[in-house]
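Okay, coords.cif is below, mmCIF, C-alpha atoms and all ligand atoms:
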data_run
loop_
_atom_site.label_atom_id
_atom_site.label_comp_id
_atom_site.auth_asym_id
_atom_site.auth_seq_id
_atom_site.Cartn_x
_atom_site.Cartn_y
_atom_site.Cartn_z
CA MET X 20 -17.12 -1.48 -22.07
CA GLN X 21 -14.92 1.57 -22.38
CA ILE X 22 -13.48 3.76 -19.61
CA LEU X 23 -11.80 7.17 -19.49
CA GLY X 24 -8.79 7.35 -17.15
CA ILE X 25 -7.51 10.61 -15.69
CA GLU X 26 -4.14 10.99 -13.93
CA THR X 27 -2.77 14.20 -12.37
CA SER X 28 -0.93 12.98 -9.26
CA CYS X 29 2.38 14.70 -9.94
CA ASP X 30 3.72 16.58 -12.95
CA GLU X 31 2.03 14.84 -15.89
CA THR X 32 -1.51 15.68 -16.97
CA ALA X 33 -2.79 12.48 -18.56
CA ALA X 34 -5.99 11.05 -20.00
CA ALA X 35 -6.62 7.74 -21.78
CA VAL X 36 -9.40 5.57 -23.09
CA VAL X 37 -9.10 1.82 -22.45
CA ALA X 38 -11.64 -0.76 -23.63
CA GLU X 39 -12.35 -4.37 -22.75
CA THR X 40 -11.79 -6.95 -25.49
CA ASP X 41 -13.03 -10.49 -26.06
CA ASP X 42 -9.49 -11.85 -25.95
CA PRO X 43 -8.69 -13.54 -22.59
CA ALA X 44 -4.97 -13.23 -23.34
CA ARG X 45 -5.28 -9.43 -23.68
CA PRO X 46 -8.51 -8.38 -21.96
CA TRP X 47 -7.79 -4.64 -22.18
CA ALA X 48 -6.88 -2.51 -25.19
CA ILE X 49 -5.54 1.04 -25.17
CA ARG X 50 -7.65 3.19 -27.50
CA SER X 51 -5.72 6.37 -26.71
CA SER X 52 -3.20 7.66 -24.18
CA VAL X 53 -2.28 11.33 -23.97
CA VAL X 54 0.34 12.77 -21.60
CA ALA X 55 1.15 16.48 -21.26
CA SER X 56 4.47 16.60 -19.46
CA GLN X 57 5.41 19.54 -17.25
CA VAL X 58 9.09 18.59 -17.16
CA PRO X 59 10.30 21.75 -18.97
CA ILE X 60 8.51 23.91 -16.36
CA HIS X 61 9.94 22.11 -13.33
CA ARG X 62 13.41 21.56 -14.81
CA GLU X 63 14.16 25.24 -14.27
CA TRP X 64 13.66 24.71 -10.52
CA GLY X 65 15.53 21.40 -10.29
CA GLY X 66 12.43 19.45 -9.23
CA VAL X 67 8.63 19.50 -9.11
CA VAL X 68 7.18 22.73 -7.66
CA PRO X 69 3.72 21.69 -6.34
CA GLU X 70 2.03 25.07 -6.86
CA LEU X 71 3.24 25.32 -10.46
CA ALA X 72 2.18 21.72 -11.06
CA SER X 73 -1.43 22.29 -9.96
CA ARG X 74 -1.74 25.47 -12.00
CA GLN X 75 -0.44 23.72 -15.12
CA HIS X 76 -2.85 20.80 -14.62
CA VAL X 77 -5.71 23.33 -14.61
CA ARG X 78 -4.46 24.76 -17.93
CA ASP X 79 -3.96 21.36 -19.58
CA ILE X 80 -6.73 19.07 -18.34
CA CYS X 81 -9.50 20.03 -20.80
CA GLY X 82 -7.27 19.80 -23.87
CA VAL X 83 -5.72 16.51 -22.74
CA VAL X 84 -9.11 14.85 -22.16
CA GLU X 85 -10.46 16.18 -25.47
CA LYS X 86 -7.42 14.82 -27.28
CA ALA X 87 -7.76 11.41 -25.60
CA LEU X 88 -11.40 11.16 -26.72
CA GLU X 89 -10.53 12.33 -30.22
CA GLU X 90 -7.67 9.84 -30.61
CA ALA X 91 -9.91 7.04 -29.35
CA ASP X 92 -12.43 8.13 -31.96
CA THR X 93 -15.14 8.36 -29.35
CA GLY X 94 -17.24 11.01 -27.66
CA LEU X 95 -18.48 11.24 -24.10
CA ASP X 96 -21.43 9.09 -25.19
CA GLY X 97 -19.04 6.22 -25.87
CA LEU X 98 -17.86 6.06 -22.25
CA ASP X 99 -19.23 3.70 -19.60
CA ALA X 100 -17.28 5.03 -16.62
CA ILE X 101 -14.57 7.45 -15.52
CA ALA X 102 -11.54 6.37 -13.48
CA VAL X 103 -9.37 8.89 -11.68
CA THR X 104 -6.27 8.82 -9.49
CA GLN X 105 -7.39 9.58 -5.94
CA GLY X 106 -3.88 9.40 -4.42
CA PRO X 107 -1.15 9.25 -3.37
CA GLY X 108 0.55 12.32 -4.82
CA LEU X 109 0.61 16.11 -4.56
CA VAL X 110 -2.73 17.11 -3.14
CA GLY X 111 -3.16 20.22 -5.32
CA SER X 112 -2.36 18.22 -8.44
CA LEU X 113 -4.65 15.33 -7.46
CA LEU X 114 -7.52 17.75 -6.82
CA VAL X 115 -7.46 19.03 -10.40
CA GLY X 116 -7.95 15.58 -11.94
CA LEU X 117 -10.40 14.51 -9.26
CA SER X 118 -12.60 17.61 -9.53
CA PHE X 119 -12.58 17.33 -13.31
CA ALA X 120 -13.50 13.64 -13.21
CA LYS X 121 -16.25 14.22 -10.65
CA SER X 122 -17.78 17.07 -12.68
CA LEU X 123 -17.66 15.11 -15.92
CA ALA X 124 -19.11 11.98 -14.31
CA ALA X 125 -21.86 13.97 -12.59
CA SER X 126 -22.80 15.89 -15.72
CA ARG X 127 -22.97 12.72 -17.85
CA GLY X 128 -24.46 10.43 -15.20
CA LEU X 129 -21.44 8.11 -15.41
CA PRO X 130 -20.03 5.97 -12.59
CA LEU X 131 -16.85 7.34 -11.01
CA VAL X 132 -14.11 4.87 -10.05
CA PRO X 133 -11.31 5.95 -7.65
CA VAL X 134 -7.88 4.48 -8.39
CA HIS X 135 -4.73 4.22 -6.28
CA HIS X 136 -1.75 5.47 -8.31
CA LEU X 137 0.33 2.38 -7.48
CA ALA X 138 -2.51 0.04 -8.45
CA GLY X 139 -2.26 1.83 -11.80
CA HIS X 140 1.48 1.07 -12.05
CA ILE X 141 0.86 -2.60 -11.15
CA GLU X 142 -1.97 -2.89 -13.68
CA SER X 143 0.27 -1.43 -16.41
CA LEU X 144 1.83 -4.92 -16.45
CA PHE X 145 -1.53 -6.67 -16.94
CA LEU X 146 -2.57 -4.04 -19.48
CA GLN X 147 0.42 -4.76 -21.63
CA HIS X 148 0.95 -8.47 -21.10
CA GLY X 149 -2.47 -9.80 -20.14
CA PRO X 150 -2.84 -12.02 -17.06
CA LEU X 151 0.56 -12.74 -15.45
CA PRO X 152 1.35 -16.18 -14.00
CA LEU X 153 0.39 -15.89 -10.32
CA PRO X 154 1.54 -15.52 -7.66
CA ALA X 155 3.66 -12.68 -9.02
CA ILE X 156 6.15 -10.54 -7.16
CA VAL X 157 5.80 -6.97 -8.42
CA LEU X 158 8.33 -4.22 -7.78
CA VAL X 159 6.86 -0.73 -8.09
CA VAL X 160 9.76 1.66 -8.41
CA SER X 161 9.13 5.33 -9.10
CA GLY X 162 9.97 8.85 -7.99
CA GLY X 163 7.82 8.54 -4.89
CA HIS X 164 7.77 4.82 -4.10
CA THR X 165 9.89 1.68 -3.99
CA ASN X 166 7.59 -1.13 -2.87
CA LEU X 167 7.34 -4.88 -3.33
CA TYR X 168 3.94 -6.55 -3.65
CA ARG X 169 2.80 -10.12 -3.96
CA VAL X 170 -0.13 -10.48 -6.32
CA ASP X 171 -1.95 -13.74 -5.52
CA ALA X 172 -5.12 -12.96 -7.44
CA PRO X 173 -5.86 -10.25 -10.01
CA GLY X 174 -6.48 -6.95 -8.24
CA HIS X 175 -5.12 -8.16 -4.88
CA TYR X 176 -1.85 -6.48 -4.01
CA HIS X 177 -0.27 -7.75 -0.81
CA PRO X 178 2.44 -5.33 0.43
CA LEU X 179 5.76 -7.00 1.27
CA SER X 180 8.21 -4.14 1.66
CA ARG X 181 8.91 -0.47 1.06
CA THR X 182 11.79 1.94 1.19
CA ARG X 183 12.80 3.13 4.63
CA ASP X 184 13.96 6.50 3.28
CA ASP X 185 14.31 7.72 -0.33
CA ALA X 186 12.54 6.09 -3.25
CA ALA X 187 14.90 4.82 -5.96
CA GLY X 188 13.70 7.44 -8.47
CA GLU X 189 14.15 10.14 -5.85
CA ALA X 190 17.75 8.95 -5.33
CA TYR X 191 18.30 9.15 -9.11
CA ASP X 192 16.91 12.70 -9.14
CA LYS X 193 18.98 13.81 -6.13
CA VAL X 194 22.22 12.31 -7.47
CA ALA X 195 21.59 13.94 -10.87
CA ARG X 196 21.09 17.29 -9.15
CA LEU X 197 24.32 17.05 -7.22
CA LEU X 198 26.14 16.09 -10.43
CA GLY X 199 24.61 19.14 -12.15
CA LEU X 200 22.70 16.97 -14.64
CA GLY X 201 19.26 18.55 -14.26
CA TYR X 202 15.76 17.14 -13.71
CA PRO X 203 14.54 14.42 -14.00
CA GLY X 204 17.67 12.48 -13.16
CA GLY X 205 16.74 8.94 -14.16
CA PRO X 206 16.94 9.19 -17.95
CA VAL X 207 20.16 11.24 -18.00
CA ILE X 208 21.98 8.98 -15.48
CA ASP X 209 20.77 5.97 -17.47
CA ARG X 210 22.27 7.47 -20.65
CA LEU X 211 25.59 8.63 -19.14
CA ALA X 212 26.08 5.35 -17.23
CA LYS X 213 26.54 3.59 -20.59
CA GLN X 214 29.85 5.45 -21.04
CA GLY X 215 31.10 4.83 -17.49
CA ASN X 216 32.89 2.14 -15.52
CA ASP X 217 30.40 0.71 -13.02
CA ARG X 218 33.21 -0.43 -10.69
CA ALA X 219 35.09 2.90 -10.68
CA VAL X 220 33.49 4.21 -7.48
CA ASP X 221 33.04 2.01 -4.44
CA LEU X 222 29.50 2.69 -3.18
CA PRO X 223 27.65 0.85 -0.41
CA ILE X 224 24.51 -1.25 -0.90
CA ALA X 225 22.26 -1.18 2.16
CA ARG X 226 21.43 -4.71 3.28
CA MET X 227 18.54 -5.48 5.61
CA THR X 228 18.76 -9.22 5.08
CA HIS X 229 19.92 -11.44 7.92
CA ALA X 230 23.09 -13.25 6.86
CA ASP X 231 21.49 -16.57 7.77
CA ARG X 232 19.12 -17.35 4.91
CA ASN X 233 17.33 -19.93 7.05
CA ALA X 234 16.58 -17.43 9.81
CA PRO X 235 12.87 -16.93 10.56
CA PHE X 236 11.12 -14.45 8.27
CA ASP X 237 11.71 -10.85 9.28
CA PRO X 238 9.05 -8.55 7.82
CA GLY X 239 11.63 -5.79 7.26
CA GLN X 240 14.07 -8.01 5.43
CA PHE X 241 12.87 -7.02 1.98
CA ASP X 242 12.86 -3.28 2.74
CA PHE X 243 14.94 -0.87 0.66
CA SER X 244 17.15 2.07 1.59
CA PHE X 245 18.75 4.52 -0.82
CA SER X 246 19.77 7.51 1.28
CA GLY X 247 23.13 5.90 2.16
CA VAL X 248 24.21 5.47 -1.45
CA LYS X 249 23.13 9.03 -2.24
CA THR X 250 25.21 10.38 0.69
CA ALA X 251 28.18 8.25 -0.41
CA VAL X 252 27.95 9.78 -3.91
CA LEU X 253 27.83 13.26 -2.35
CA ARG X 254 30.90 12.52 -0.24
CA TYR X 255 32.79 11.08 -3.21
CA VAL X 256 31.89 14.04 -5.44
CA LYS X 257 32.87 16.58 -2.76
CA GLY X 258 36.23 14.88 -2.35
CA ARG X 259 36.87 14.73 -6.09
CA THR X 260 35.65 18.31 -6.63
CA ALA X 261 37.99 19.68 -4.00
CA GLY X 262 40.91 17.92 -5.69
CA GLU X 263 39.82 19.03 -9.15
CA ALA X 264 39.26 22.64 -8.07
CA ALA X 265 42.72 22.76 -6.52
CA ARG X 266 44.23 21.26 -9.70
CA GLN X 267 42.45 23.77 -11.96
CA ALA X 268 43.24 26.68 -9.67
CA GLY X 269 46.89 25.73 -9.89
CA ARG X 270 46.69 25.61 -13.68
CA ARG X 271 44.49 28.64 -14.41
CA GLY X 272 44.62 30.64 -11.22
CA THR X 273 40.84 30.30 -10.70
CA VAL X 274 38.70 28.53 -8.15
CA TRP X 275 35.32 26.97 -8.60
CA ALA X 276 32.25 29.10 -8.01
CA GLY X 277 30.72 27.93 -4.73
CA ALA X 278 27.17 28.03 -6.10
CA GLU X 279 27.88 25.50 -8.87
CA PRO X 280 26.39 22.03 -8.36
CA GLU X 281 29.24 19.87 -7.07
CA GLY X 282 29.47 17.54 -10.03
CA GLN X 283 29.90 20.24 -12.67
CA ALA X 284 33.49 20.54 -11.53
CA LEU X 285 34.20 16.94 -12.48
CA PRO X 286 35.53 15.79 -15.86
CA ALA X 287 32.89 14.10 -18.06
CA GLN X 288 34.45 10.64 -17.65
CA ASP X 289 34.30 10.95 -13.87
CA ILE X 290 30.62 11.88 -14.04
CA ALA X 291 29.93 8.89 -16.29
CA ASP X 292 31.79 6.63 -13.83
CA VAL X 293 29.75 7.95 -10.88
CA CYS X 294 26.52 7.42 -12.86
CA ALA X 295 27.49 3.85 -13.81
CA SER X 296 28.61 2.94 -10.28
CA PHE X 297 25.49 4.47 -8.69
CA GLN X 298 23.23 2.71 -11.16
CA ARG X 299 24.92 -0.64 -10.58
CA VAL X 300 24.34 -0.60 -6.82
CA VAL X 301 20.77 0.70 -7.10
CA VAL X 302 19.82 -1.95 -9.66
CA GLU X 303 21.52 -4.67 -7.62
CA ALA X 304 19.64 -3.60 -4.47
CA LEU X 305 16.31 -3.59 -6.33
CA LEU X 306 16.80 -6.96 -7.98
CA ASP X 307 18.36 -8.72 -4.96
CA ARG X 308 15.23 -8.06 -2.89
CA THR X 309 12.80 -8.70 -5.75
CA PHE X 310 14.23 -12.12 -6.60
CA ALA X 311 14.74 -13.06 -2.94
CA ALA X 312 11.03 -12.34 -2.42
CA ALA X 313 10.16 -14.34 -5.54
CA GLU X 314 12.09 -17.29 -4.13
CA ARG X 315 10.60 -16.89 -0.65
CA TRP X 316 7.00 -16.90 -1.93
CA HIS X 317 7.48 -19.36 -4.81
CA ALA X 318 6.43 -16.78 -7.36
CA ARG X 319 5.61 -17.85 -10.90
CA SER X 320 6.52 -14.48 -12.38
CA VAL X 321 8.18 -11.16 -11.59
CA GLY X 322 6.87 -7.74 -12.67
CA ILE X 323 8.64 -4.39 -12.52
CA ALA X 324 6.64 -1.18 -12.99
CA GLY X 325 6.89 2.58 -12.32
CA GLY X 326 9.10 5.30 -13.80
CA VAL X 327 12.41 3.64 -12.85
CA SER X 328 11.37 0.46 -14.68
CA ALA X 329 12.21 2.46 -17.82
CA ASN X 330 15.87 2.09 -16.81
CA SER X 331 17.85 0.17 -19.41
CA ARG X 332 20.16 -1.60 -16.97
CA LEU X 333 17.32 -2.58 -14.64
CA ARG X 334 15.50 -4.10 -17.60
CA ALA X 335 18.56 -5.95 -18.91
CA ASP X 336 19.71 -7.23 -15.51
CA ALA X 337 16.15 -8.25 -14.55
CA ALA X 338 15.81 -10.25 -17.76
CA ALA X 339 19.17 -11.97 -17.10
CA ARG X 340 18.23 -12.81 -13.51
CA GLY X 341 14.82 -14.06 -14.63
CA GLU X 342 16.54 -16.40 -17.03
CA ALA X 343 18.91 -17.64 -14.33
CA PHE X 344 15.97 -18.19 -11.91
CA GLY X 345 13.76 -19.72 -14.61
CA LEU X 346 11.14 -17.02 -13.96
CA PRO X 347 9.40 -14.86 -16.58
CA VAL X 348 10.02 -11.15 -16.00
CA TYR X 349 7.47 -8.57 -17.17
CA VAL X 350 8.03 -4.84 -17.64
CA PRO X 351 5.73 -2.30 -19.31
CA THR X 352 6.71 -0.34 -22.43
CA ILE X 353 8.61 2.87 -21.67
CA LYS X 354 5.42 4.90 -22.24
CA LEU X 355 3.52 2.76 -19.75
CA SER X 356 6.41 2.84 -17.22
CA THR X 357 6.29 6.54 -16.44
CA ASP X 358 3.08 8.22 -15.31
CA ASN X 359 0.20 7.83 -17.75
CA ALA X 360 -3.58 7.48 -17.63
CA ALA X 361 -3.89 4.19 -19.55
CA MET X 362 -2.71 2.36 -16.42
CA ILE X 363 -5.28 4.30 -14.34
CA ALA X 364 -8.02 3.36 -16.80
CA ALA X 365 -6.94 -0.31 -16.63
CA ALA X 366 -6.95 -0.31 -12.82
CA GLY X 367 -10.29 1.49 -13.04
CA LEU X 368 -11.74 -1.24 -15.26
CA ARG X 369 -10.63 -3.91 -12.81
CA ALA X 370 -12.07 -1.99 -9.85
CA PHE X 371 -15.30 -1.23 -11.73
CA ARG X 372 -15.81 -4.94 -12.48
CA ALA X 373 -15.25 -5.65 -8.78
CA GLY X 374 -18.05 -3.22 -7.92
CA VAL X 375 -16.00 -0.24 -6.78
CA ARG X 376 -17.79 3.13 -7.16
CA ALA X 377 -17.22 6.52 -5.58
CA ASP X 378 -19.90 8.97 -4.56
CA TRP X 379 -19.63 12.74 -4.90
CA ARG X 380 -17.93 13.08 -1.51
CA LEU X 381 -14.77 11.46 -2.94
CA ASN X 382 -11.73 13.51 -1.95
CA ALA X 383 -8.06 13.47 -2.93
CA ASP X 384 -5.77 11.73 -0.45
CA ALA X 385 -2.07 12.63 -0.70
CA SER X 386 -1.02 9.56 1.30
CA LEU X 387 -3.70 7.07 0.26
CA ASP X 388 -3.02 3.53 1.48
CA LEU X 389 -3.17 0.86 -1.24
CA ALA X 390 -4.29 -1.83 1.21
CA ALA X 391 -7.34 0.29 2.05
CA THR X 392 -8.39 0.50 -1.61
CA THR X 393 -7.83 -3.07 -2.85
CA PRO X 394 -11.13 -4.23 -4.34
CA PRO X 395 -12.88 -7.37 -3.06
CA PRO X 396 -12.81 -10.53 -5.23
CA SER X 397 -14.63 -9.85 -8.46
CA PRO X 398 -17.93 -11.55 -9.19
CA SER X 399 -17.37 -10.77 -12.86
CA PRO X 400 -16.73 -13.64 -15.26
CA HIS X 401 -14.97 -11.21 -17.58
CA PRO X 402 -11.48 -12.44 -18.57
CA GLY X 403 -8.68 -10.96 -16.52
CA GLN X 404 -10.88 -10.23 -13.52
O1 LIG X 501 6.32 6.70 -12.09
P1 LIG X 501 6.88 8.06 -12.35
O2 LIG X 501 6.70 8.65 -13.73
O3 LIG X 501 6.31 9.11 -11.34
C1 LIG X 501 6.09 8.78 -10.00
O4 LIG X 501 5.05 8.14 -9.72
O5 LIG X 501 7.00 9.13 -9.19
O6 LIG X 501 8.42 7.99 -11.98
C2 LIG X 501 9.27 9.10 -12.12
C3 LIG X 501 10.68 8.70 -11.70
C4 LIG X 501 11.64 9.87 -11.63
O7 LIG X 501 12.32 9.83 -10.39
C5 LIG X 501 12.59 9.60 -12.79
O8 LIG X 501 13.92 10.08 -12.56
C6 LIG X 501 12.56 8.09 -12.87
O9 LIG X 501 11.22 7.75 -12.65
N1 LIG X 501 12.99 7.57 -14.19
C7 LIG X 501 14.08 6.81 -14.36
C8 LIG X 501 14.20 6.58 -15.76
N2 LIG X 501 13.16 7.23 -16.38
C9 LIG X 501 12.42 7.83 -15.39
N3 LIG X 501 14.97 6.31 -13.48
C10 LIG X 501 15.98 5.56 -13.96
N4 LIG X 501 16.17 5.33 -15.28
C11 LIG X 501 15.31 5.81 -16.21
N5 LIG X 501 15.52 5.57 -17.51
ZN ZN X 502 3.94 7.02 -10.86
#

The structure given in the file should be rewritten as C-alpha cells.
Amino acid sequence: MQILGIETSCDETAAAVVAETDDPARPWAIRSSVVASQVPIHREWGGVVPELASRQHVRDICGVVEKALEEADTGLDGLDAIAVTQGPGLVGSLLVGLSFAKSLAASRGLPLVPVHHLAGHIESLFLQHGPLPLPAIVLVVSGGHTNLYRVDAPGHYHPLSRTRDDAAGEAYDKVARLLGLGYPGGPVIDRLAKQGNDRAVDLPIARMTHADRNAPFDPGQFDFSFSGVKTAVLRYVKGRTAGEAARQAGRRGTVWAGAEPEGQALPAQDIADVCASFQRVVVEALLDRTFAAAERWHARSVGIAGGVSANSRLRADAAARGEAFGLPVYVPTIKLSTDNAAMIAAAGLRAFRAGVRADWRLNADASLDLAATTPPPSPSPHPGQ
C-alpha cells in the first residue's frame, strides 16, 4: 500500500509518498519527500507571518504534490490513501493542505486520513529506524512544542510533560533575533556555538524537579520552561551592549543606533559565547528531563524528534547520555527532523491501518489535542502496527 502525505502546518509546503514494505525491521519506505521552504520570505520579517505563509502554500501546493508523485514514479492511480496534517499549526496554513487533500481524495475516491503534526514527528523515528524497543520515551522538540511522551505500543502516545512557556525552538529563534542573527535561529546558533565557550555566560536552568528523588510522583516534574533563560540572555546582552556602546563611543565618538538588534553591538566572540552558553543550558534541560523520565518509566529506548532534534549538540550529548544509561537513543535524519510530509505519510499509514478515516466535514484545528487523535489498537497484522 502507498500513501500520499501532505503537510502545511507552518512555513513548509511538503508532500511525500511512503509505501509499506515486507520487511518487519523497516515496514515503511520513503518513495519521495518534497519540501518547499518559505524561510527566505519570512526571514525578512524576523519570523513566520501567518498571512504570507498561507498565500505561499496556495502558490506551492500543486507543484509540490506533482513533484512528489513524479519522484516516487507514481501517478494518482498508484495511491491507496491521502494523509494530511489536521493540526496543530497556523489555521490558514493548515487549511490549504487540508482543502487540497480533501479535494484530491474526493475526486479520486480515496480514503482521507487526518494526522496530528506531533504524531508525524514521533513517527519520523519509526519511519527511519523501524520499530523502537518499547516502552520508549520520546521528546518532541520543535518551534511550537517541547513535549515528552511515553510510547507503550506503536501509535499510542502517552503525554508526560510539556513546556510551561516557550518551546525550545521558539527560545532559539527569540535569542537569535535579539542577537541579530536572523530567522530561523536554531541552525545559526548551533553553528556559532561551536566557536564559543559554553561556560562563558552564567545562565539559569529552570528546574521543576523536587530535590528529593524519592518524593511521590509530581505530574509537573518533567515540565520544561525556557522563558527564564531567554530573559537572562536578554539581560546579559543589554548589559554587555551598554558597556560596548560606551567603549566604542569613547573611541569613535559614536553611539549605537537604538533600532539595532541588541546583539549586533557585541563582538563576534561574545556572540559565539552567548550561543554556546545558551545551547548548553537548553540541551541540559531537555536531556535531564528526558532521561529522568526514561529512568522513571523503565524505558527501553529514547527518541528525540522535531526541528530542534537537528541540533548537533543535542544529538551528541543525547548519544553520550544514552551510552552512560545503557539506553539506545534514536533521532531522525536532519531532513526528517524539520517539518516534512514523509513523517505525516508514515503516521497516516499507521492510522489508516488502525481504521482511522475522515469524512468530508474534516476541518483544520489550530490547537488539536494529540490525545484526542491517538488511534485505537490496530487489528492489522502488518509489521510495525
Ligand atoms: O519541527 P519544525 O521544523 O517546525 C515546527 O513544528 O515548529 O521546527 C522548527 C524549529 C525552529 O524553531 C528552528 O529554529 C529549530 O526547529 N531548529 C533548530 C535547529 N534546526 C532547526 N534548533 C536548534 N538547532 C538546530 N540545528
Ligand atoms: Zn514540526

Neighbour residues at most 12 Å from (16.6, -9.8, -4.1) (only C-alpha atoms) as a count of residues only: 32

Distance of atom CA of Ala366 of chain X from atom CA of Glu142 of chain X, expressed in Å to one decimal place: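 Result for atom CA of Glu142 of chain X versus atom CA of Ala366 of chain X: 5.7 Å, one decimal.
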
Nearest to ligand ZN 502 (chain X) by atom-to-atom distance, counting all atoms listed in the file, from X:Gly174, X:Pro223, X:Gly325, X:Pro130: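 Nearest to ligand ZN 502 (chain X): X:Gly325.
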
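Atom to atom, atom CA of Leu113 of chain X and atom CA of Ser161 of chain X stand 17.1 Å apart.
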
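Atom CA of Gly367 of chain X to atom C8 of ligand LIG 501 (chain X) spans 25.2 Å [interatomic distance, one decimal].
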
Nearby polymer residues, ligand ZN 502 (chain X), at most 9 Å, only C-alpha atoms and all ligand atoms, as a list in words: Ser28, Cys29, Gly108, His136, Leu137, Gly139, His140, Val159, Val160, Ser161, Gly162, Gly163, His164, Ala324, Gly325, Gly326, Ser356, Thr357, Asp358 and Asn359 of chain X

Best match for closeness to ligand LIG 501 (chain X) among X:Gln147, X:Gln21, X:Gln57, X:Gln214, counting all atoms listed in the file: X:Gln57

For segment 192-201 of chain X: contacts at 9 Å, all atoms listed in the file, fewer than 3 positions along chain excluded, given as a list in words: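 Near segment 192-201 of chain X, the qualifying residues are Arg62, Glu63, Gly65, Gly66, Gly162, Ala187, Gly188, Glu189, Gly204, Gly205, Val207, Ile208, Lys249, Thr250, Val252, Leu253, Val256, Glu279, Pro280, Glu281, Gly282, Gln283, Ala284, Leu285, Ile290, Val293, Cys294 and Phe297 of chain X.
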
Using all atoms listed in the file: which of X:Tyr202, X:Trp47, X:Phe119, X:Phe145 has the shortest distance to ligand LIG 501 (chain X):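 With all atoms listed in the file as the atom set, the closest residue is X:Tyr202.
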